[in-house]
Amino acid sequence: MGPHPAVAAIRLAVRRVLNNILAEHGRTPGRLTPDERSSSPLVLVACSGGADSMALASALAFEAPRAGLRAGGVTVDHGLQTGSDLRAAEVASRLRELGLDPVEPVAVTVGRDGGPEAAARDARYAALDAAAERHRAAAVLLGHTRDDQAETVLLGLARGSGIRSLSGMAAVSGADGRYRRPFLQLDRQTARKACLVQSLPVWDDPHNTDPAYTRSRLRHEGLPALEKALGKGVVEALARTAQLSRDDADALDAWAGKAAAGVRDDDGRLECAALHDLPPAVRRRVLRRAAIEAGAPAGSLFARHIEEVDRLITGWRGQGAINLPGRVVARRQGGRLVIRQG
């Protein structure tokens, strides 16, 4: 008798990702001999102790040895709740019980930039990046599900941040494709069911139900209201929208990358006339890329910022400089657009 359908689904999703990682390292699936283990690529799972990441950790613990990969885990203590250090230690213990090694609990300090949710996310990814570097991990698996993807698309829509924001989370992201999201095609209930049938303890973060957080309100109020008004299938439709938007955004980004070289003068400054001739979607991407290269943090650079810079090209009336995040300033000078830190 095979595993429960939910368990089979999460294992298959992880197996596919691990096979991709093996192919990238020129390896084929197969169990390791003791001598081969130390040289095998390491895959880490980021685990909060919630249902999604615990299901992911259990699937990784099962699949990695069969694929010929080492498997470890990282749990991040954000320090936002009383006893969070004890919770992190407990999650680390559960990961070790699954057979993961190395396992590391990491404490972080959450700042205030961008609001509590963004600050916690930035601190978490910084910790995961550092852990991956420390352990020389080939990849870090994240437990984001199709439901998380739908929420991300709606948040992007509400911000009016453009098609890249609507594309949601990528299956592969980060430096050198470090982050992998095997569950983007699976719903949250599948992960929870997999934990239930395997008797895996699950911790439900109270922040996930706290209406003070935007994503929590969207999850417990916004999406249910949409499904009540529009019928079932909203989550699946939003996830499809994410993939279609990502395909379009990737194509436009590639176009903008090629166009960027053709709109610069011999000194590397952007020529306003050449920019004006580009399609708006391509031009704004060129401007956004130039702002980021000048030092503007990508996570703080919103569509409204780029629209203001774009008006220096399309609606020039002698207006002054535009201040962007990261102390970056954009101004028009003699038919050229200058974007630099001021």
# chains A, B, ... in the order shown; residues from 1 in each chain; ligands from 1

call {"tool": "residues_around", "arguments": {"residues": "Arg304 (chain A)", "least_positions_apart": "5", "cutoff": "12 Å", "atoms": "only C-alpha atoms", "output": "list in words"}}
result
Arg159, Gly160, Ser161, Gly162, Arg284, Arg288, Val309, Asp310, Arg311, Ile322, Asn323, Leu324 and Pro325 of chain A

call {"tool": "write_last_selection", "arguments": {"atoms": "C-alpha atoms", "output": "compact mmCIF listing (two decimals), in the first residue's frame"}}
result
# COMPACT_ATOMS: atom_id res chain seq x y z
CA ARG A 159 -0.38 48.07 -4.58
CA GLY A 160 -0.72 48.75 -8.31
CA SER A 161 2.87 47.65 -8.76
CA GLY A 162 2.62 46.33 -12.32
CA ARG A 284 9.89 51.90 -17.44
CA ARG A 288 13.78 50.90 -12.94
CA VAL A 309 10.89 59.46 -13.37
CA ASP A 310 9.08 58.51 -16.57
CA ARG A 311 7.45 61.94 -16.64
CA ILE A 322 12.90 63.19 -8.45
CA ASN A 323 13.96 61.72 -5.12
CA LEU A 324 14.00 57.91 -5.02
CA PRO A 325 14.59 55.42 -2.19

call {"tool": "select_by_dssp", "arguments": {"residues": "region 12-169 of chain A", "states": "alpha helix (DSSP H)", "output": "ChimeraX atom specification"}}
result
/A:12-24,34-37,51-67,84-97,116-135,146-159,163-166

call {"tool": "closest_residue", "arguments": {"among": "A:Arg332, A:Arg219, A:Arg269, A:Lys258", "to": "Ala294 (chain A)", "atoms": "only C-alpha atoms"}}
result
A:Arg269

call {"tool": "closest_residue", "arguments": {"among": "A:Leu200, A:Ala175, A:His135, A:Asp205", "to": "Arg87 (chain A)", "atoms": "only C-alpha atoms"}}
result
A:Asp205

call {"tool": "closest_residue", "arguments": {"among": "A:Arg146, A:Arg181, A:Arg136, A:Arg336", "to": "Gly233 (chain A)", "atoms": "only C-alpha atoms"}}
result
A:Arg146

call {"tool": "select_by_dssp", "arguments": {"residues": "region 152-322 of chain A", "states": "strand (DSSP E)", "output": "VMD selection string"}}
result
chain A and resid 172 to 173 179 to 180 270 to 271 322

call {"tool": "write_last_selection", "arguments": {"atoms": "all heavy atoms", "output": "compact mmCIF listing (two decimals), in the first residue's frame"}}
result
# COMPACT_ATOMS: atom_id res chain seq x y z
N VAL A 172 11.87 29.37 -8.82
CA VAL A 172 13.32 29.46 -8.58
C VAL A 172 13.68 30.93 -8.49
O VAL A 172 13.33 31.72 -9.37
CB VAL A 172 14.12 28.80 -9.72
CG1 VAL A 172 15.62 28.91 -9.46
CG2 VAL A 172 13.72 27.34 -9.90
N SER A 173 14.35 31.33 -7.43
CA SER A 173 14.72 32.73 -7.26
C SER A 173 15.98 32.83 -6.42
O SER A 173 16.54 31.84 -5.97
CB SER A 173 13.57 33.52 -6.61
OG SER A 173 13.36 33.08 -5.27
N TYR A 179 16.88 29.76 -4.04
CA TYR A 179 15.60 29.42 -3.42
C TYR A 179 14.71 28.64 -4.38
O TYR A 179 14.53 29.02 -5.53
CB TYR A 179 14.90 30.69 -2.94
CG TYR A 179 15.64 31.37 -1.82
CD1 TYR A 179 16.32 32.56 -2.03
CD2 TYR A 179 15.71 30.77 -0.57
CE1 TYR A 179 17.04 33.16 -0.99
CE2 TYR A 179 16.41 31.37 0.46
CZ TYR A 179 17.08 32.56 0.25
OH TYR A 179 17.80 33.14 1.26
N ARG A 180 14.16 27.55 -3.89
CA ARG A 180 13.26 26.71 -4.67
C ARG A 180 11.95 26.55 -3.90
O ARG A 180 11.95 26.34 -2.69
CB ARG A 180 13.88 25.32 -4.91
CG ARG A 180 15.34 25.33 -5.38
CD ARG A 180 15.48 25.92 -6.77
NE ARG A 180 16.88 26.08 -7.14
CZ ARG A 180 17.51 25.33 -8.04
NH1 ARG A 180 16.87 24.34 -8.65
NH2 ARG A 180 18.77 25.56 -8.33
N LEU A 270 21.65 58.17 -19.96
CA LEU A 270 20.46 57.79 -20.70
C LEU A 270 20.00 58.93 -21.60
O LEU A 270 19.84 60.08 -21.13
CB LEU A 270 19.34 57.40 -19.73
CG LEU A 270 19.60 56.14 -18.90
CD1 LEU A 270 18.61 56.06 -17.73
CD2 LEU A 270 19.50 54.90 -19.76
N GLU A 271 19.76 58.65 -22.86
CA GLU A 271 19.31 59.66 -23.81
C GLU A 271 17.79 59.73 -23.79
O GLU A 271 17.10 58.74 -24.06
CB GLU A 271 19.80 59.32 -25.21
CG GLU A 271 21.32 59.32 -25.34
CD GLU A 271 21.77 58.99 -26.75
OE1 GLU A 271 21.04 58.25 -27.44
OE2 GLU A 271 22.84 59.47 -27.14
N ILE A 322 13.77 64.14 -9.13
CA ILE A 322 12.90 63.19 -8.45
C ILE A 322 13.73 62.42 -7.43
O ILE A 322 14.76 61.83 -7.77
CB ILE A 322 12.29 62.19 -9.47
CG1 ILE A 322 11.56 62.93 -10.59
CG2 ILE A 322 11.35 61.23 -8.75
CD1 ILE A 322 10.42 63.80 -10.14

call {"tool": "residues_around", "arguments": {"residues": "Cys47 (chain A)", "least_positions_apart": "5", "cutoff": "7 Å", "atoms": "only C-alpha atoms", "output": "ChimeraX atom specification"}}
result
/A:53-54,73-75

call {"tool": "closest_residue", "arguments": {"among": "A:Arg31, A:Arg164, A:Glu308, A:Gly72", "to": "Ala251 (chain A)", "atoms": "only C-alpha atoms"}}
result
A:Arg164
